[in-house]
$ cat final02.cif   # mmCIF, C-alpha atoms
data_model
#
loop_
_atom_site.label_atom_id
_atom_site.label_comp_id
_atom_site.auth_asym_id
_atom_site.auth_seq_id
_atom_site.Cartn_x
_atom_site.Cartn_y
_atom_site.Cartn_z
CA MET A 761 119.51 100.88 61.29
CA LYS A 762 116.48 100.12 63.46
CA ILE A 763 116.38 96.52 64.65
CA HIS A 764 112.98 94.95 65.31
CA ILE A 765 112.92 92.43 68.16
CA ASP A 766 109.91 90.16 68.50
CA ILE A 767 108.79 89.82 72.10
CA LYS A 768 108.08 86.24 73.09
CA PHE A 769 105.02 85.61 75.23
CA SER A 770 102.80 82.82 76.50
CA CYS A 771 99.54 84.00 78.00
CA VAL A 772 96.42 82.31 79.33
CA GLY A 773 93.00 83.94 79.54
CA ILE A 774 90.22 82.18 81.47
CA ASP A 775 86.46 82.69 81.62
CA GLY A 776 83.65 80.74 83.26
CA CYS A 777 81.42 78.59 81.06
CA ASN A 778 78.37 76.73 82.41
CA GLY A 779 80.08 75.49 85.56
CA LYS A 780 83.36 74.83 83.75
CA TRP A 781 86.06 77.05 82.25
CA VAL A 782 87.16 78.20 78.81
CA ALA A 783 90.89 78.87 78.48
CA VAL A 784 92.69 80.52 75.58
CA TYR A 785 96.47 80.09 75.43
CA ILE A 786 98.42 82.28 73.00
CA THR A 787 102.09 82.62 72.13
CA GLU A 788 103.92 84.50 69.39
CA SER A 789 103.64 81.41 67.15
CA HIS A 790 100.53 79.39 68.03
CA PHE A 791 97.41 79.12 70.18
CA GLU A 792 95.28 76.58 72.01
CA VAL A 793 91.67 76.88 73.14
CA GLY A 794 89.53 74.47 75.13
CA LYS A 795 87.12 73.73 77.95
CA PHE A 796 88.38 72.55 81.33
CA ASN A 797 86.61 71.14 84.37
CA THR A 798 88.69 72.95 87.00
CA ILE A 799 91.15 75.79 87.43
CA GLU A 800 93.73 73.25 88.55
CA ASP A 801 93.42 71.48 85.19
CA ILE A 802 94.27 74.72 83.37
CA CYS A 803 97.22 75.59 85.58
CA ASN A 804 98.60 72.06 85.22
CA ARG A 805 98.24 72.30 81.44
CA TYR A 806 100.24 75.55 81.15
CA PRO A 807 102.50 75.67 84.23
CA GLU A 808 105.21 77.77 82.56
CA ALA A 809 102.99 80.43 80.94
CA ASP A 810 104.00 84.05 81.54
CA SER A 811 100.52 85.30 82.36
CA PHE A 812 97.33 83.82 83.84
CA ILE A 813 94.34 86.19 83.93
CA ILE A 814 90.85 85.10 84.90
CA ASP A 815 87.42 86.71 84.92
CA ILE A 816 86.46 85.78 88.47
CA PRO A 817 86.91 87.70 91.73
CA ILE A 818 90.26 86.93 93.37
CA GLY A 819 91.06 88.34 96.78
CA LEU A 820 87.99 88.51 99.00
CA ALA A 821 86.98 91.00 101.63
CA GLU A 822 86.45 89.78 105.17
CA SER A 823 85.59 93.20 106.64
CA GLU A 824 84.43 96.62 105.47
CA LYS A 825 88.04 97.82 105.66
CA ASP A 826 89.07 95.49 102.84
CA MET A 827 89.08 97.34 99.51
CA ARG A 828 88.43 95.49 96.28
CA PRO A 829 88.68 97.17 92.83
CA ASP A 830 85.07 96.70 91.76
CA ARG A 831 83.71 100.14 92.64
CA ILE A 832 86.56 101.95 90.86
CA VAL A 833 86.21 99.84 87.70
CA ARG A 834 82.42 100.15 87.72
CA LYS A 835 82.74 103.94 87.80
CA GLU A 836 85.34 103.95 85.03
CA LEU A 837 83.11 101.86 82.74
CA GLY A 838 80.16 104.24 83.05
CA LYS A 839 77.12 102.72 81.33
CA LYS A 840 78.86 99.35 81.16
CA GLY A 841 79.55 99.41 84.90
CA SER A 842 76.58 97.12 85.55
CA SER A 843 78.66 94.27 84.10
CA ILE A 844 80.77 94.39 87.28
CA PHE A 845 78.87 92.33 89.86
CA GLU A 846 79.01 92.88 93.60
CA VAL A 847 81.58 90.50 95.10
CA PRO A 848 80.61 88.52 98.20
CA CYS A 849 82.76 88.55 101.30
CA ARG A 850 84.72 85.35 101.95
CA GLN A 851 82.36 84.37 104.77
CA ALA A 852 79.42 84.42 102.33
CA ILE A 853 81.31 82.36 99.76
CA TYR A 854 81.79 79.59 102.30
CA ALA A 855 78.22 79.71 103.64
CA GLY A 856 76.17 76.57 103.21
CA ASP A 857 73.18 78.07 101.43
CA LYS A 858 71.88 81.28 99.81
CA ILE A 859 70.04 82.53 102.87
CA THR A 860 73.11 82.19 105.08
CA ALA A 861 75.30 83.74 102.38
CA ARG A 862 73.08 86.82 102.21
CA GLU A 863 72.99 87.08 106.01
CA GLU A 864 76.79 86.84 106.21
CA ASN A 865 77.28 89.48 103.53
CA ILE A 866 74.86 91.88 105.22
CA ALA A 867 76.59 91.36 108.55
CA ILE A 868 80.12 91.87 107.12
CA LEU A 869 79.67 94.30 104.21
CA GLY A 870 76.26 95.81 104.95
CA LYS A 871 74.53 94.66 101.75
CA SER A 872 72.73 91.65 100.38
CA LEU A 873 73.64 89.59 97.29
CA SER A 874 71.86 89.31 93.95
CA GLU A 875 70.99 86.01 92.29
CA GLN A 876 73.61 86.80 89.62
CA THR A 877 76.30 87.12 92.25
CA LEU A 878 75.18 83.99 94.07
CA GLY A 879 75.25 82.21 90.72
CA ILE A 880 79.03 82.60 90.45
CA SER A 881 79.76 81.88 94.11
CA LYS A 882 80.76 78.26 93.45
CA ALA A 883 83.29 79.39 90.84
CA ILE A 884 84.68 82.04 93.21
CA LYS A 885 85.00 79.42 95.95
CA GLN A 886 86.75 76.96 93.62
CA VAL A 887 89.41 79.53 92.71
CA ASP A 888 89.81 80.73 96.31
CA GLU A 889 90.28 77.16 97.57
CA PHE A 890 92.77 76.45 94.79
CA LEU A 891 94.87 79.49 95.67
CA GLN A 892 94.85 78.70 99.36
CA SER A 893 95.92 75.10 98.66
CA ASN A 894 98.53 76.04 96.04
CA VAL A 895 100.39 79.01 97.47
CA HIS A 896 102.81 79.28 94.53
CA TRP A 897 99.83 80.30 92.39
CA LYS A 898 98.88 83.18 94.71
CA ASN A 899 99.24 86.46 92.81
CA LYS A 900 100.35 84.51 89.72
CA LEU A 901 96.79 83.65 88.76
CA VAL A 902 95.31 87.15 88.75
CA GLU A 903 91.97 88.83 88.14
CA SER A 904 90.70 91.18 85.51
CA HIS A 905 87.38 91.80 83.74
CA PRO A 906 86.77 91.50 79.97
CA GLU A 907 84.65 94.65 79.65
CA PHE A 908 87.31 96.66 81.46
CA CYS A 909 90.04 95.12 79.28
CA PHE A 910 88.11 95.73 76.05
CA SER A 911 87.83 99.37 77.09
CA LYS A 912 91.61 99.55 77.60
CA LEU A 913 92.23 97.91 74.21
CA ASN A 914 89.80 100.37 72.64
CA ASP A 915 91.46 103.64 73.74
CA ASN A 916 89.53 103.69 77.04
CA ILE A 917 86.18 103.58 75.24
CA PRO A 918 83.83 100.87 76.60
CA VAL A 919 82.16 98.59 74.05
CA ILE A 920 78.46 99.42 74.34
CA GLU A 921 77.12 96.59 72.18
CA GLY A 922 76.05 93.53 74.19
CA LYS A 923 78.59 90.72 74.28
CA LYS A 924 75.99 88.08 73.40
CA SER A 925 74.79 89.90 70.28
CA LYS A 926 76.32 89.21 66.87
CA GLU A 927 77.15 92.89 66.49
CA GLY A 928 78.80 92.98 69.91
CA GLN A 929 80.84 89.87 69.23
CA GLN A 930 82.09 91.15 65.88
CA ARG A 931 82.97 94.48 67.47
CA ARG A 932 84.99 92.75 70.18
CA LEU A 933 86.77 90.50 67.67
CA GLU A 934 87.68 93.54 65.60
CA ILE A 935 89.30 95.11 68.67
CA ILE A 936 91.22 91.93 69.54
CA ARG A 937 92.51 91.59 65.96
CA ARG A 938 94.35 94.90 66.35
CA TYR A 939 96.61 93.17 68.88
CA TYR A 940 96.25 89.51 67.96
CA PRO A 941 95.47 88.86 64.27
CA ASP A 942 94.53 85.18 64.78
CA ALA A 943 91.42 86.03 66.84
CA ASN A 944 88.93 84.56 64.36
CA GLN A 945 90.92 81.33 64.07
CA VAL A 946 90.71 80.89 67.84
CA VAL A 947 86.91 81.12 67.72
CA ASP A 948 86.72 78.79 64.70
CA LYS A 949 88.88 76.19 66.47
CA PHE A 950 86.71 76.37 69.58
CA LEU A 951 83.52 75.84 67.57
CA TYR A 952 85.12 72.97 65.65
CA ASP A 953 86.27 71.21 68.82
CA VAL A 954 83.03 71.83 70.73
CA PRO A 955 80.35 71.57 68.00
CA SER A 956 77.53 71.63 70.55
CA ARG A 957 78.52 75.16 71.54
CA LYS A 958 76.73 77.98 69.73
CA LYS A 959 77.71 80.77 72.12
CA ILE A 960 81.11 82.34 71.61
CA ASP A 961 81.06 85.21 74.12
CA ASP A 962 82.97 83.12 76.70
CA VAL A 963 85.83 82.30 74.34
CA ILE A 964 86.00 85.93 73.16
CA ASP A 965 86.23 87.11 76.78
CA ALA A 966 88.94 84.54 77.59
CA MET A 967 90.89 85.59 74.50
CA CYS A 968 90.65 89.25 75.51
CA LEU A 969 92.25 88.40 78.86
CA ALA A 970 95.04 86.45 77.13
CA VAL A 971 95.69 89.46 74.88
CA ILE A 972 95.81 91.78 77.90
CA GLY A 973 98.45 89.43 79.30
CA LYS A 974 100.42 89.90 76.08
CA MET A 975 100.07 93.68 76.37
CA ILE A 976 101.24 93.57 80.00
CA ILE A 977 104.41 91.76 78.89
CA GLU A 978 105.00 94.34 76.18
CA LYS A 979 104.03 97.53 78.00
CA GLY A 980 104.10 96.76 81.71
CA LEU A 981 101.60 95.80 84.39
CA LYS A 982 99.07 98.27 85.77
CA THR A 983 96.52 97.59 88.48
CA ILE A 984 93.32 99.00 89.86
CA PRO A 985 93.67 100.24 92.48
CA GLU A 986 97.21 101.48 91.85
CA ASN A 987 98.29 100.23 95.28
CA PRO A 988 96.09 97.19 95.90
CA MET A 989 95.41 95.77 99.33
CA MET A 990 96.16 92.18 100.26
CA ASP A 991 93.31 90.15 101.71
CA ALA A 992 93.49 88.06 104.89
CA LYS A 993 94.82 85.07 102.94
CA GLY A 994 97.66 86.97 101.25
CA ILE A 995 95.89 87.45 97.92
CA MET A 996 95.99 90.82 96.15
CA MET A 997 92.60 92.49 95.65
CA GLN A 998 93.15 94.00 92.21
CA MET A 999 92.30 93.98 88.53
CA VAL A 1000 95.25 93.96 86.16
CA TYR A 1001 95.54 95.68 82.78
CA ALA A 1002 97.88 97.42 80.34
CA GLU A 1003 97.62 100.62 78.34
#
$ encode --input "final02.cif" --output "structure tokens"
Amino acid sequence: MKIHIDIKFSCVGIDGCNGKWVAVYITESHFEVGKFNTIEDICNRYPEADSFIIDIPIGLAESEKDMRPDRIVRKELGKKGSSIFEVPCRQAIYAGDKITAREENIAILGKSLSEQTLGISKAIKQVDEFLQSNVHWKNKLVESHPEFCFSKLNDNIPVIEGKKSKEGQQRRLEIIRRYYPDANQVVDKFLYDVPSRKKIDDVIDAMCLAVIGKMIIEKGLKTIPENPMMDAKGIMMQMVYAE
């Protein structure tokens, strides 16, 4: 007789949202979803969760020898590779202004920074400072990217439809429901709790990362690159996933 054993899990997925953060927490029996002011607030809310995955660069280059996963993931995503932004070096993240940040990045990595990348620099800095100040969270709070994870959940086929379009959002929810049937209820709860919010792409992305955490528990952790480097602060430069 075949015995079915339910795997218990508690996973947090985190995505940026207008200077704050959306976090989705799922277990085998319930979920929570909400907006938080800081990464520290989220980690304090769910200190015992099995998995914490965030859509923000973690592990920053300080020289050209440091290898982050972005180029590999960008190539794997093909036409969707443009969703993977260039990641500033740590020196640029801690620069005082945009001009200095661009100068630092050119000097260290040989390339400038786009406005899109500069736009998320404060969020990158917040997470980097948190990890350096809370060493027990190093390599426990880990990085991945929703478009990369959706591809993995969709038999390695990237989702071409834009994540802000209704069609793209429904397509992504359909993929998540294959692994987590309560996906629509998570979105409904978020909209009920935050009635001023009309956009749902952030909560869908955060939920995707929580589901990837669930899949990692069930099937095992994989990383890009397969043997990631550690940055100068002891943080792994990787994106995590499961297949």
$ closest_residue --input "final02.cif" --among "A:Lys924, A:His790, A:Lys959, A:Lys993" --to "Val946 (chain A)" --atoms "only C-alpha atoms"
A:His790
$ resolve_selection --input "final02.cif" --expression "the PyMOL selection byres ((chain A and resi 885) around 10)" --output "list in words"
Ile816, Pro817, Ile818, Arg850, Ala852, Ile853, Tyr854, Ile880, Ser881, Lys882, Ala883, Ile884, Gln886, Val887, Asp888, Glu889, Phe890 and Leu891 of chain A
$ write_last_selection --input "final02.cif" --atoms "C-alpha atoms" --output "compact mmCIF listing (two decimals), in the frame of the given file"
# COMPACT_ATOMS: atom_id res chain seq x y z
CA ILE A 816 86.46 85.78 88.47
CA PRO A 817 86.91 87.70 91.73
CA ILE A 818 90.26 86.93 93.37
CA ARG A 850 84.72 85.35 101.95
CA ALA A 852 79.42 84.42 102.33
CA ILE A 853 81.31 82.36 99.76
CA TYR A 854 81.79 79.59 102.30
CA ILE A 880 79.03 82.60 90.45
CA SER A 881 79.76 81.88 94.11
CA LYS A 882 80.76 78.26 93.45
CA ALA A 883 83.29 79.39 90.84
CA ILE A 884 84.68 82.04 93.21
CA GLN A 886 86.75 76.96 93.62
CA VAL A 887 89.41 79.53 92.71
CA ASP A 888 89.81 80.73 96.31
CA GLU A 889 90.28 77.16 97.57
CA PHE A 890 92.77 76.45 94.79
CA LEU A 891 94.87 79.49 95.67
$ residues_around --input "final02.cif" --residues "Cys771 (chain A)" --least-positions-apart "3" --cutoff "6 Å" --atoms "all atoms listed in the file" --output "compact mmCIF listing (two decimals) with C-alpha atoms, in the frame of the given file"
# COMPACT_ATOMS: atom_id res chain seq x y z
CA TYR A 785 96.47 80.09 75.43
CA ILE A 786 98.42 82.28 73.00
CA ALA A 809 102.99 80.43 80.94
CA ASP A 810 104.00 84.05 81.54
CA SER A 811 100.52 85.30 82.36
CA ALA A 970 95.04 86.45 77.13
CA GLY A 973 98.45 89.43 79.30
$ closest_residue --input "final02.cif" --among "A:Arg931, A:Lys979, A:Lys825, A:Lys795" --to "Ile868 (chain A)" --atoms "only C-alpha atoms"
A:Lys825
$ closest_residue --input "final02.cif" --among "A:Ser770, A:Thr787, A:Gln998, A:Gln929" --to "Val902 (chain A)" --atoms "only C-alpha atoms"
A:Gln998
$ atom_distance --input "final02.cif" --atom1 "CA of Ile995 (chain A)" --atom2 "CA of Lys835 (chain A)"
23.4 Å
$ atom_distance --input "final02.cif" --atom1 "CA of Glu903 (chain A)" --atom2 "CA of Ile813 (chain A)"
5.5 Å
$ atom_distance --input "final02.cif" --atom1 "CA of Glu863 (chain A)" --atom2 "CA of Ile814 (chain A)"
27.7 Å
$ residues_near_point --input "final02.cif" --point "(94.3, 99.5, 105.1)" --cutoff "9 Å" --atoms "only C-alpha atoms" --output "compact mmCIF listing (two decimals) with C-alpha atoms, keeping the file's coordinate frame"
# COMPACT_ATOMS: atom_id res chain seq x y z
CA LYS A 825 88.04 97.82 105.66
CA ASP A 826 89.07 95.49 102.84
CA MET A 827 89.08 97.34 99.51
CA MET A 989 95.41 95.77 99.33
CA MET A 990 96.16 92.18 100.26
$ resolve_selection --input "final02.cif" --expression "the PyMOL selection byres ((chain A and resi 960) around 9)" --output "ChimeraX atom specification"
/A:924,929,947,950-951,957-959,961-965
$ resolve_selection --input "final02.cif" --expression "the PyMOL selection byres ((chain A and resi 918) around 9)" --output "list in words"
Leu837, Gly838, Lys839, Lys840, Glu907, Phe908, Cys909, Phe910, Ser911, Lys912, Asn914, Asp915, Asn916, Ile917, Val919 and Ile920 of chain A
$ closest_residue --input "final02.cif" --among "A:Ser789, A:Val782, A:Gly994, A:Lys982" --to "Asp801 (chain A)" --atoms "all atoms listed in the file"
A:Val782
$ closest_residue --input "final02.cif" --among "A:Ala1002, A:Lys858, A:Gln930, A:Gln892" --to "Gln876 (chain A)" --atoms "only C-alpha atoms"
A:Lys858
$ closest_residue --input "final02.cif" --among "A:Cys803, A:Val847, A:Met996, A:Ile972" --to "Thr877 (chain A)" --atoms "all atoms listed in the file"
A:Val847
$ residues_near_point --input "final02.cif" --point "(86.5, 90.4, 101.4)" --cutoff "9 Å" --atoms "all atoms listed in the file" --output "list in words"
Gly819, Leu820, Ala821, Glu822, Ser823, Glu824, Lys825, Asp826, Met827, Arg828, Val847, Pro848, Cys849, Arg850, Gln851, Ile868, Leu869, Asp991, Ala992 and Met997 of chain A
$ decode --input "final02.cif" --residues "region 936-952 of chain A" --atoms "N, CA, C and O atoms" --output "PDB file, in the first residue's frame"
ATOM      1  N   ILE A 936       0.800  29.397 -11.102  1.00  0.00           N
ATOM      2  CA  ILE A 936       0.957  29.223  -9.661  1.00  0.00           C
ATOM      3  C   ILE A 936      -0.057  28.217  -9.114  1.00  0.00           C
ATOM      4  O   ILE A 936       0.268  27.399  -8.247  1.00  0.00           O
ATOM      5  N   ARG A 937      -1.293  28.254  -9.637  1.00  0.00           N
ATOM      6  CA  ARG A 937      -2.337  27.353  -9.124  1.00  0.00           C
ATOM      7  C   ARG A 937      -1.991  25.874  -9.302  1.00  0.00           C
ATOM      8  O   ARG A 937      -2.501  25.017  -8.570  1.00  0.00           O
ATOM      9  N   ARG A 938      -1.120  25.572 -10.262  1.00  0.00           N
ATOM     10  CA  ARG A 938      -0.699  24.179 -10.440  1.00  0.00           C
ATOM     11  C   ARG A 938       0.025  23.664  -9.194  1.00  0.00           C
ATOM     12  O   ARG A 938      -0.007  22.475  -8.900  1.00  0.00           O
ATOM     13  N   TYR A 939       0.672  24.573  -8.478  1.00  0.00           N
ATOM     14  CA  TYR A 939       1.490  24.197  -7.325  1.00  0.00           C
ATOM     15  C   TYR A 939       0.890  24.667  -6.006  1.00  0.00           C
ATOM     16  O   TYR A 939       1.190  24.099  -4.956  1.00  0.00           O
ATOM     17  N   TYR A 940       0.066  25.704  -6.092  1.00  0.00           N
ATOM     18  CA  TYR A 940      -0.538  26.283  -4.892  1.00  0.00           C
ATOM     19  C   TYR A 940      -1.958  26.723  -5.241  1.00  0.00           C
ATOM     20  O   TYR A 940      -2.168  27.830  -5.758  1.00  0.00           O
ATOM     21  N   PRO A 941      -2.958  25.882  -4.979  1.00  0.00           N
ATOM     22  CA  PRO A 941      -4.326  26.132  -5.435  1.00  0.00           C
ATOM     23  C   PRO A 941      -4.983  27.394  -4.873  1.00  0.00           C
ATOM     24  O   PRO A 941      -5.968  27.889  -5.443  1.00  0.00           O
ATOM     25  N   ASP A 942      -4.478  27.927  -3.761  1.00  0.00           N
ATOM     26  CA  ASP A 942      -5.099  29.100  -3.132  1.00  0.00           C
ATOM     27  C   ASP A 942      -4.585  30.424  -3.695  1.00  0.00           C
ATOM     28  O   ASP A 942      -4.767  31.478  -3.066  1.00  0.00           O
ATOM     29  N   ALA A 943      -3.967  30.401  -4.866  1.00  0.00           N
ATOM     30  CA  ALA A 943      -3.350  31.614  -5.424  1.00  0.00           C
ATOM     31  C   ALA A 943      -4.333  32.774  -5.547  1.00  0.00           C
ATOM     32  O   ALA A 943      -4.019  33.909  -5.164  1.00  0.00           O
ATOM     33  N   ASN A 944      -5.526  32.517  -6.055  1.00  0.00           N
ATOM     34  CA  ASN A 944      -6.488  33.606  -6.238  1.00  0.00           C
ATOM     35  C   ASN A 944      -6.945  34.189  -4.906  1.00  0.00           C
ATOM     36  O   ASN A 944      -7.181  35.396  -4.786  1.00  0.00           O
ATOM     37  N   GLN A 945      -7.056  33.346  -3.886  1.00  0.00           N
ATOM     38  CA  GLN A 945      -7.455  33.835  -2.567  1.00  0.00           C
ATOM     39  C   GLN A 945      -6.407  34.773  -1.974  1.00  0.00           C
ATOM     40  O   GLN A 945      -6.733  35.729  -1.272  1.00  0.00           O
ATOM     41  N   VAL A 946      -5.132  34.503  -2.266  1.00  0.00           N
ATOM     42  CA  VAL A 946      -4.063  35.391  -1.793  1.00  0.00           C
ATOM     43  C   VAL A 946      -4.233  36.777  -2.394  1.00  0.00           C
ATOM     44  O   VAL A 946      -4.156  37.801  -1.691  1.00  0.00           O
ATOM     45  N   VAL A 947      -4.475  36.838  -3.697  1.00  0.00           N
ATOM     46  CA  VAL A 947      -4.665  38.125  -4.373  1.00  0.00           C
ATOM     47  C   VAL A 947      -5.903  38.832  -3.834  1.00  0.00           C
ATOM     48  O   VAL A 947      -5.879  40.040  -3.556  1.00  0.00           O
ATOM     49  N   ASP A 948      -7.002  38.096  -3.676  1.00  0.00           N
ATOM     50  CA  ASP A 948      -8.242  38.693  -3.162  1.00  0.00           C
ATOM     51  C   ASP A 948      -8.037  39.275  -1.765  1.00  0.00           C
ATOM     52  O   ASP A 948      -8.539  40.363  -1.461  1.00  0.00           O
ATOM     53  N   LYS A 949      -7.308  38.559  -0.921  1.00  0.00           N
ATOM     54  CA  LYS A 949      -7.043  39.043   0.444  1.00  0.00           C
ATOM     55  C   LYS A 949      -6.209  40.315   0.409  1.00  0.00           C
ATOM     56  O   LYS A 949      -6.457  41.261   1.160  1.00  0.00           O
ATOM     57  N   PHE A 950      -5.228  40.355  -0.458  1.00  0.00           N
ATOM     58  CA  PHE A 950      -4.376  41.536  -0.590  1.00  0.00           C
ATOM     59  C   PHE A 950      -5.209  42.744  -1.010  1.00  0.00           C
ATOM     60  O   PHE A 950      -5.093  43.830  -0.426  1.00  0.00           O
ATOM     61  N   LEU A 951      -6.068  42.578  -2.001  1.00  0.00           N
ATOM     62  CA  LEU A 951      -6.895  43.684  -2.484  1.00  0.00           C
ATOM     63  C   LEU A 951      -7.913  44.120  -1.432  1.00  0.00           C
ATOM     64  O   LEU A 951      -8.252  45.304  -1.335  1.00  0.00           O
ATOM     65  N   TYR A 952      -8.389  43.176  -0.637  1.00  0.00           N
ATOM     66  CA  TYR A 952      -9.338  43.510   0.431  1.00  0.00           C
ATOM     67  C   TYR A 952      -8.651  44.315   1.535  1.00  0.00           C
ATOM     68  O   TYR A 952      -9.204  45.295   2.041  1.00  0.00           O
TER      69      TYR A 952
END
